$ cat my_file_24.txt   # compact mmCIF, N, CA and C atoms
# COMPACT_ATOMS: atom_id res chain seq x y z
N MET A 1 157.69 30.05 4.62
CA MET A 1 158.53 29.83 3.44
C MET A 1 159.93 30.38 3.76
N ASP A 2 160.94 29.57 3.48
CA ASP A 2 162.29 30.06 3.75
C ASP A 2 162.68 31.12 2.71
N PRO A 3 163.71 31.91 3.00
CA PRO A 3 164.02 33.04 2.10
C PRO A 3 164.42 32.63 0.69
N VAL A 4 165.03 31.47 0.52
CA VAL A 4 165.40 31.02 -0.83
C VAL A 4 164.15 30.65 -1.61
N GLU A 5 163.24 29.91 -1.00
CA GLU A 5 161.98 29.55 -1.66
C GLU A 5 161.18 30.80 -2.01
N ARG A 6 161.11 31.74 -1.08
CA ARG A 6 160.37 32.99 -1.32
C ARG A 6 161.00 33.76 -2.48
N HIS A 7 162.33 33.84 -2.49
CA HIS A 7 163.05 34.56 -3.54
C HIS A 7 162.75 33.95 -4.91
N GLN A 8 162.85 32.63 -5.00
CA GLN A 8 162.59 31.94 -6.25
C GLN A 8 161.13 32.14 -6.69
N ALA A 9 160.19 31.95 -5.79
CA ALA A 9 158.76 32.05 -6.15
C ALA A 9 158.40 33.44 -6.64
N ARG A 10 158.85 34.46 -5.93
CA ARG A 10 158.48 35.84 -6.33
C ARG A 10 159.23 36.29 -7.57
N PHE A 11 160.48 35.88 -7.71
CA PHE A 11 161.23 36.19 -8.93
C PHE A 11 160.53 35.56 -10.13
N ASN A 12 160.22 34.28 -10.02
CA ASN A 12 159.58 33.58 -11.14
C ASN A 12 158.22 34.18 -11.49
N GLU A 13 157.47 34.57 -10.49
CA GLU A 13 156.18 35.22 -10.75
C GLU A 13 156.40 36.54 -11.50
N GLY A 14 157.45 37.28 -11.13
CA GLY A 14 157.78 38.51 -11.84
C GLY A 14 158.14 38.26 -13.29
N VAL A 15 158.90 37.21 -13.55
CA VAL A 15 159.26 36.87 -14.93
C VAL A 15 158.00 36.51 -15.72
N ARG A 16 157.13 35.71 -15.12
CA ARG A 16 155.92 35.27 -15.83
C ARG A 16 154.95 36.41 -16.09
N THR A 17 154.80 37.35 -15.13
CA THR A 17 153.78 38.39 -15.24
C THR A 17 154.33 39.74 -15.69
N GLY A 18 155.64 39.95 -15.54
CA GLY A 18 156.22 41.26 -15.81
C GLY A 18 156.10 42.21 -14.63
N ASP A 19 155.47 41.77 -13.54
CA ASP A 19 155.31 42.59 -12.33
C ASP A 19 156.27 42.09 -11.26
N PHE A 20 157.38 42.81 -11.09
CA PHE A 20 158.36 42.43 -10.08
C PHE A 20 158.11 43.07 -8.73
N GLY A 21 156.98 43.80 -8.58
CA GLY A 21 156.67 44.48 -7.32
C GLY A 21 156.74 43.59 -6.09
N PRO A 22 156.05 42.43 -6.07
CA PRO A 22 156.12 41.57 -4.89
C PRO A 22 157.54 41.08 -4.59
N TRP A 23 158.33 40.81 -5.62
CA TRP A 23 159.72 40.41 -5.43
C TRP A 23 160.53 41.57 -4.88
N LEU A 24 160.36 42.75 -5.46
CA LEU A 24 161.09 43.93 -4.99
C LEU A 24 160.74 44.28 -3.56
N ASP A 25 159.52 44.00 -3.13
CA ASP A 25 159.10 44.28 -1.76
C ASP A 25 159.89 43.48 -0.73
N THR A 26 160.58 42.41 -1.16
CA THR A 26 161.37 41.62 -0.21
C THR A 26 162.73 42.25 0.06
N PHE A 27 163.08 43.31 -0.67
CA PHE A 27 164.36 43.99 -0.51
C PHE A 27 164.21 45.20 0.40
N ALA A 28 165.24 45.45 1.22
CA ALA A 28 165.28 46.66 2.05
C ALA A 28 165.46 47.88 1.15
N GLU A 29 165.02 49.02 1.62
CA GLU A 29 165.18 50.27 0.85
C GLU A 29 166.65 50.52 0.50
N ASP A 30 167.56 50.16 1.41
CA ASP A 30 168.99 50.44 1.22
C ASP A 30 169.76 49.22 0.71
N THR A 31 169.07 48.30 0.06
CA THR A 31 169.73 47.09 -0.44
C THR A 31 170.87 47.41 -1.39
N VAL A 32 171.81 46.49 -1.46
CA VAL A 32 172.91 46.57 -2.44
C VAL A 32 172.94 45.24 -3.17
N VAL A 33 172.90 45.31 -4.49
CA VAL A 33 172.87 44.11 -5.31
C VAL A 33 174.03 44.16 -6.29
N SER A 34 174.78 43.05 -6.35
CA SER A 34 175.91 42.98 -7.29
C SER A 34 175.76 41.74 -8.17
N PHE A 35 176.29 41.85 -9.38
CA PHE A 35 176.22 40.77 -10.36
C PHE A 35 177.62 40.49 -10.88
N THR A 36 177.99 39.23 -10.90
CA THR A 36 179.22 38.80 -11.55
C THR A 36 178.78 37.98 -12.76
N GLY A 37 179.26 38.38 -13.93
CA GLY A 37 178.86 37.70 -15.15
C GLY A 37 177.85 38.49 -15.97
N LEU A 38 177.48 39.65 -15.47
CA LEU A 38 176.59 40.56 -16.19
C LEU A 38 177.18 41.97 -16.12
N PRO A 39 177.06 42.76 -17.18
CA PRO A 39 177.58 44.13 -17.14
C PRO A 39 176.60 45.09 -16.47
N ILE A 40 176.18 44.75 -15.24
CA ILE A 40 175.21 45.55 -14.50
C ILE A 40 175.72 45.73 -13.08
N GLY A 41 175.55 46.96 -12.58
CA GLY A 41 175.75 47.20 -11.15
C GLY A 41 177.18 47.47 -10.77
N PRO A 42 177.38 47.53 -9.46
CA PRO A 42 176.42 47.20 -8.41
C PRO A 42 175.26 48.22 -8.36
N VAL A 43 174.16 47.74 -7.81
CA VAL A 43 172.94 48.54 -7.72
C VAL A 43 172.71 48.88 -6.26
N HIS A 44 172.49 50.17 -6.00
CA HIS A 44 172.30 50.64 -4.62
C HIS A 44 170.87 51.14 -4.44
N GLY A 45 170.11 50.44 -3.60
CA GLY A 45 168.75 50.86 -3.27
C GLY A 45 167.68 50.11 -4.06
N ARG A 46 166.52 49.94 -3.41
CA ARG A 46 165.41 49.21 -4.03
C ARG A 46 164.90 49.92 -5.28
N ARG A 47 164.85 51.24 -5.25
CA ARG A 47 164.37 51.98 -6.44
C ARG A 47 165.29 51.74 -7.63
N ALA A 48 166.59 51.80 -7.41
CA ALA A 48 167.54 51.54 -8.49
C ALA A 48 167.44 50.10 -8.98
N LEU A 49 167.17 49.17 -8.07
CA LEU A 49 166.99 47.78 -8.46
C LEU A 49 165.76 47.63 -9.35
N ALA A 50 164.67 48.29 -9.00
CA ALA A 50 163.47 48.27 -9.83
C ALA A 50 163.75 48.82 -11.22
N GLU A 51 164.50 49.92 -11.29
CA GLU A 51 164.84 50.51 -12.59
C GLU A 51 165.72 49.58 -13.40
N THR A 52 166.66 48.91 -12.74
CA THR A 52 167.55 47.97 -13.43
C THR A 52 166.75 46.81 -14.02
N TYR A 53 165.84 46.24 -13.25
CA TYR A 53 165.04 45.11 -13.75
C TYR A 53 164.03 45.56 -14.80
N ALA A 54 163.57 46.79 -14.75
CA ALA A 54 162.69 47.30 -15.80
C ALA A 54 163.46 47.45 -17.12
N ALA A 55 164.72 47.90 -17.03
CA ALA A 55 165.54 48.10 -18.21
C ALA A 55 166.12 46.79 -18.75
N HIS A 56 166.32 45.81 -17.87
CA HIS A 56 166.94 44.53 -18.24
C HIS A 56 166.13 43.38 -17.64
N PRO A 57 164.91 43.16 -18.11
CA PRO A 57 164.09 42.10 -17.50
C PRO A 57 164.68 40.72 -17.77
N PRO A 58 164.63 39.85 -16.78
CA PRO A 58 165.11 38.49 -16.98
C PRO A 58 164.28 37.77 -18.05
N SER A 59 164.93 36.87 -18.78
CA SER A 59 164.25 36.19 -19.88
C SER A 59 163.76 34.80 -19.50
N SER A 60 164.09 34.32 -18.32
CA SER A 60 163.71 32.96 -17.93
C SER A 60 163.46 32.90 -16.43
N THR A 61 162.58 32.00 -16.06
CA THR A 61 162.44 31.67 -14.64
C THR A 61 163.64 30.84 -14.21
N MET A 62 163.76 30.64 -12.90
CA MET A 62 164.87 29.84 -12.39
C MET A 62 164.34 28.69 -11.54
N ARG A 63 165.19 27.68 -11.40
CA ARG A 63 164.90 26.57 -10.50
C ARG A 63 166.08 26.43 -9.55
N VAL A 64 165.82 26.54 -8.27
CA VAL A 64 166.87 26.37 -7.27
C VAL A 64 167.12 24.88 -7.12
N ARG A 65 168.37 24.49 -7.29
CA ARG A 65 168.78 23.08 -7.19
C ARG A 65 169.28 22.73 -5.79
N GLU A 66 169.93 23.68 -5.14
CA GLU A 66 170.46 23.48 -3.80
C GLU A 66 170.30 24.79 -3.04
N SER A 67 170.04 24.68 -1.75
CA SER A 67 169.94 25.91 -0.96
C SER A 67 170.35 25.63 0.47
N SER A 68 170.72 26.70 1.15
CA SER A 68 171.02 26.62 2.57
C SER A 68 170.70 27.96 3.20
N VAL A 69 170.32 27.89 4.44
CA VAL A 69 170.05 29.10 5.22
C VAL A 69 170.80 28.95 6.53
N ASP A 70 171.60 29.96 6.85
CA ASP A 70 172.36 29.95 8.10
C ASP A 70 172.25 31.34 8.72
N GLY A 71 171.35 31.46 9.69
CA GLY A 71 171.15 32.76 10.33
C GLY A 71 170.58 33.76 9.34
N ASP A 72 171.32 34.86 9.12
CA ASP A 72 170.85 35.93 8.23
C ASP A 72 171.38 35.78 6.81
N ARG A 73 171.93 34.62 6.48
CA ARG A 73 172.52 34.39 5.16
C ARG A 73 171.83 33.20 4.50
N ALA A 74 171.40 33.40 3.25
CA ALA A 74 170.74 32.35 2.49
C ALA A 74 171.42 32.22 1.13
N ILE A 75 171.63 30.99 0.70
CA ILE A 75 172.34 30.73 -0.55
C ILE A 75 171.49 29.80 -1.42
N GLY A 76 171.38 30.14 -2.70
CA GLY A 76 170.66 29.29 -3.64
C GLY A 76 171.48 29.07 -4.90
N ARG A 77 171.73 27.81 -5.25
CA ARG A 77 172.34 27.47 -6.54
C ARG A 77 171.20 27.15 -7.47
N PHE A 78 171.17 27.82 -8.64
CA PHE A 78 170.02 27.72 -9.53
C PHE A 78 170.44 27.45 -10.96
N VAL A 79 169.45 27.01 -11.75
CA VAL A 79 169.60 26.91 -13.20
C VAL A 79 168.44 27.67 -13.82
N TRP A 80 168.64 28.12 -15.03
CA TRP A 80 167.57 28.78 -15.78
C TRP A 80 166.64 27.72 -16.34
N ALA A 81 165.35 27.89 -16.20
CA ALA A 81 164.38 26.93 -16.72
C ALA A 81 164.51 26.78 -18.24
N ASP A 82 164.81 27.87 -18.94
CA ASP A 82 164.92 27.85 -20.40
C ASP A 82 166.30 27.43 -20.90
N ALA A 83 167.26 27.26 -20.00
CA ALA A 83 168.61 26.84 -20.36
C ALA A 83 169.22 26.12 -19.16
N PRO A 84 168.73 24.91 -18.85
CA PRO A 84 169.11 24.25 -17.61
C PRO A 84 170.57 23.84 -17.48
N ALA A 85 171.36 24.02 -18.53
CA ALA A 85 172.79 23.76 -18.41
C ALA A 85 173.53 24.98 -17.85
N THR A 86 172.82 26.09 -17.69
CA THR A 86 173.43 27.32 -17.17
C THR A 86 172.67 27.79 -15.95
N GLY A 87 173.30 28.64 -15.20
CA GLY A 87 172.67 29.19 -14.00
C GLY A 87 173.70 29.93 -13.18
N GLY A 88 173.64 29.73 -11.88
CA GLY A 88 174.58 30.41 -11.01
C GLY A 88 174.20 30.22 -9.56
N VAL A 89 174.64 31.18 -8.77
CA VAL A 89 174.37 31.14 -7.34
C VAL A 89 174.03 32.55 -6.88
N PHE A 90 173.09 32.64 -5.93
CA PHE A 90 172.82 33.93 -5.30
C PHE A 90 173.00 33.78 -3.80
N VAL A 91 173.51 34.85 -3.22
CA VAL A 91 173.70 34.91 -1.77
C VAL A 91 172.91 36.10 -1.26
N LEU A 92 171.98 35.82 -0.37
CA LEU A 92 171.13 36.86 0.22
C LEU A 92 171.58 37.09 1.66
N VAL A 93 171.66 38.35 2.05
CA VAL A 93 171.87 38.70 3.45
C VAL A 93 170.61 39.43 3.90
N LEU A 94 170.04 38.96 5.00
CA LEU A 94 168.74 39.45 5.47
C LEU A 94 168.86 40.23 6.76
N ARG A 95 167.97 41.19 6.90
CA ARG A 95 167.80 41.94 8.15
C ARG A 95 166.30 42.13 8.33
N ASP A 96 165.77 41.63 9.42
CA ASP A 96 164.33 41.75 9.68
C ASP A 96 163.50 41.25 8.50
N ASP A 97 163.91 40.09 7.94
CA ASP A 97 163.21 39.44 6.84
C ASP A 97 163.26 40.20 5.52
N LYS A 98 164.09 41.23 5.43
CA LYS A 98 164.29 41.96 4.17
C LYS A 98 165.71 41.68 3.66
N ILE A 99 165.86 41.65 2.35
CA ILE A 99 167.17 41.42 1.75
C ILE A 99 167.95 42.74 1.76
N VAL A 100 169.07 42.76 2.50
CA VAL A 100 169.90 43.97 2.54
C VAL A 100 171.03 43.90 1.53
N SER A 101 171.37 42.68 1.11
CA SER A 101 172.32 42.56 0.01
C SER A 101 172.08 41.25 -0.71
N MET A 102 172.34 41.29 -2.01
CA MET A 102 172.25 40.10 -2.84
C MET A 102 173.44 40.13 -3.80
N ASP A 103 174.19 39.04 -3.80
CA ASP A 103 175.28 38.86 -4.74
C ASP A 103 174.90 37.71 -5.66
N VAL A 104 174.90 37.97 -6.96
CA VAL A 104 174.55 36.96 -7.96
C VAL A 104 175.78 36.71 -8.81
N THR A 105 176.17 35.44 -8.90
CA THR A 105 177.28 35.03 -9.76
C THR A 105 176.74 34.06 -10.78
N LEU A 106 176.86 34.40 -12.05
CA LEU A 106 176.37 33.55 -13.13
C LEU A 106 177.48 32.69 -13.68
N ASP A 107 177.14 31.42 -13.98
CA ASP A 107 178.09 30.52 -14.62
C ASP A 107 178.28 30.89 -16.08
N ALA A 108 177.24 31.44 -16.69
CA ALA A 108 177.23 31.83 -18.10
C ALA A 108 176.14 32.88 -18.25
N PRO A 109 176.13 33.65 -19.32
CA PRO A 109 175.05 34.62 -19.52
C PRO A 109 173.69 33.93 -19.50
N PRO A 110 172.65 34.64 -19.06
CA PRO A 110 171.32 34.06 -19.07
C PRO A 110 170.85 33.81 -20.50
N PRO A 111 169.84 32.95 -20.66
CA PRO A 111 169.35 32.68 -22.02
C PRO A 111 168.77 33.94 -22.65
N PRO A 112 168.86 34.03 -23.98
CA PRO A 112 168.29 35.20 -24.65
C PRO A 112 166.76 35.17 -24.56
N PRO A 113 166.13 36.33 -24.67
CA PRO A 113 164.65 36.37 -24.66
C PRO A 113 164.09 35.55 -25.81
N VAL A 114 162.97 34.93 -25.56
CA VAL A 114 162.27 34.16 -26.59
C VAL A 114 161.46 35.13 -27.42
N MET A 115 161.63 35.10 -28.72
CA MET A 115 160.91 36.01 -29.61
C MET A 115 159.73 35.33 -30.23
$ encode --input "my_file_24.txt" --output "structure tokens"
Amino acid sequence: MDPVERHQARFNEGVRTGDFGPWLDTFAEDTVVSFTGLPIGPVHGRRALAETYAAHPPSSTMRVRESSVDGDRAIGRFVWADAPATGGVFVLVLRDDKIVSMDVTLDAPPPPPVM
């Protein structure tokens, strides 16, 4: 499975189950994650990333519409399943199959949680 497919599959499983452990396991201990379009971060380290997602769980799964992988860099343009007119792009930088950095840029805020 390429890194974009793996990222999408494990993220979506985390959203569906509330268990982001398998998704978090794809990140290096010293990962750095930044968000544009959200008042979060940057986040330094896998533990801090876990705490961030526990405090701010995503409200929707995503669907990757376009992706590319070039060496240690993977890019996915996605939409939210619950709001397909919105989404964004994520850029993953990998080292030894672990994500050492992820930059997420949102086109608009994610959809609100379903009550």
$ closest_atom_pairs --input "my_file_24.txt" --of "segment 54-74 of chain A" --to "segment 84-108 of chain A" --cutoff "6 Å" --atoms "only C-alpha atoms" --output "JSON lines"
{"residue": "A:Asp72", "atom": "CA", "partner": "A:Leu94", "partner_atom": "CA", "distance": 4.9}
{"residue": "A:Arg73", "atom": "CA", "partner": "A:Val93", "partner_atom": "CA", "distance": 4.7}
{"residue": "A:Ala74", "atom": "CA", "partner": "A:Leu92", "partner_atom": "CA", "distance": 5.1}
$ atom_distance --input "my_file_24.txt" --atom1 "atom C of Ser59 of chain A" --atom2 "atom C of Pro111 of chain A"
6.0 Å
$ axis_aligned_box --input "my_file_24.txt" --around "segment 6-25 of chain A" --padding-each-side "3 Å" --output "AutoDock Vina command-line options"
--center_x 158.4 --center_y 38.1 --center_z -8.4 --size_x 15.3 --size_y 18.7 --size_z 21.4
$ residues_near_point --input "my_file_24.txt" --point "(157.5, 36.1, -14.2)" --cutoff "12 Å" --atoms "only C-alpha atoms" --output "PyMOL selection string"
chain A and resi 8-23+53+57-62+81
$ select_by_dssp --input "my_file_24.txt" --residues "chain A" --states "helix (DSSP H, G or I)" --output "list in words"
Pro3, Val4, Glu5, Arg6, His7, Gln8, Ala9, Arg10, Phe11, Asn12, Glu13, Gly14, Val15, Arg16, Thr17, Gly21, Pro22, Trp23, Leu24, Arg46, Arg47, Ala48, Leu49, Ala50, Glu51, Thr52, Tyr53, Ala54 and Ala55 of chain A
$ select_by_dssp --input "my_file_24.txt" --residues "segment 40-108 of chain A" --states "strand (DSSP E or B)" --output "number ranges by chain"
A: 43-44, 62-70, 73-80, 83-95, 98-106
$ atom_distance --input "my_file_24.txt" --atom1 "atom N of Ile75 of chain A" --atom2 "atom C of Ser34 of chain A"
14.5 Å
$ atom_distance --input "my_file_24.txt" --atom1 "atom N of Val64 of chain A" --atom2 "atom CA of Ala48 of chain A"
25.1 Å
$ closest_residue --input "my_file_24.txt" --among "A:Ala55, A:Met1, A:Val69, A:Leu49" --to "Val33 of chain A" --atoms "all atoms listed in the file"
A:Leu49
$ residues_around --input "my_file_24.txt" --residues "Asp30 of chain A" --least-positions-apart "4" --cutoff "6.5 Å" --atoms "all atoms listed in the file" --output "MDAnalysis selection string"
chainID A and resid 44:46 100
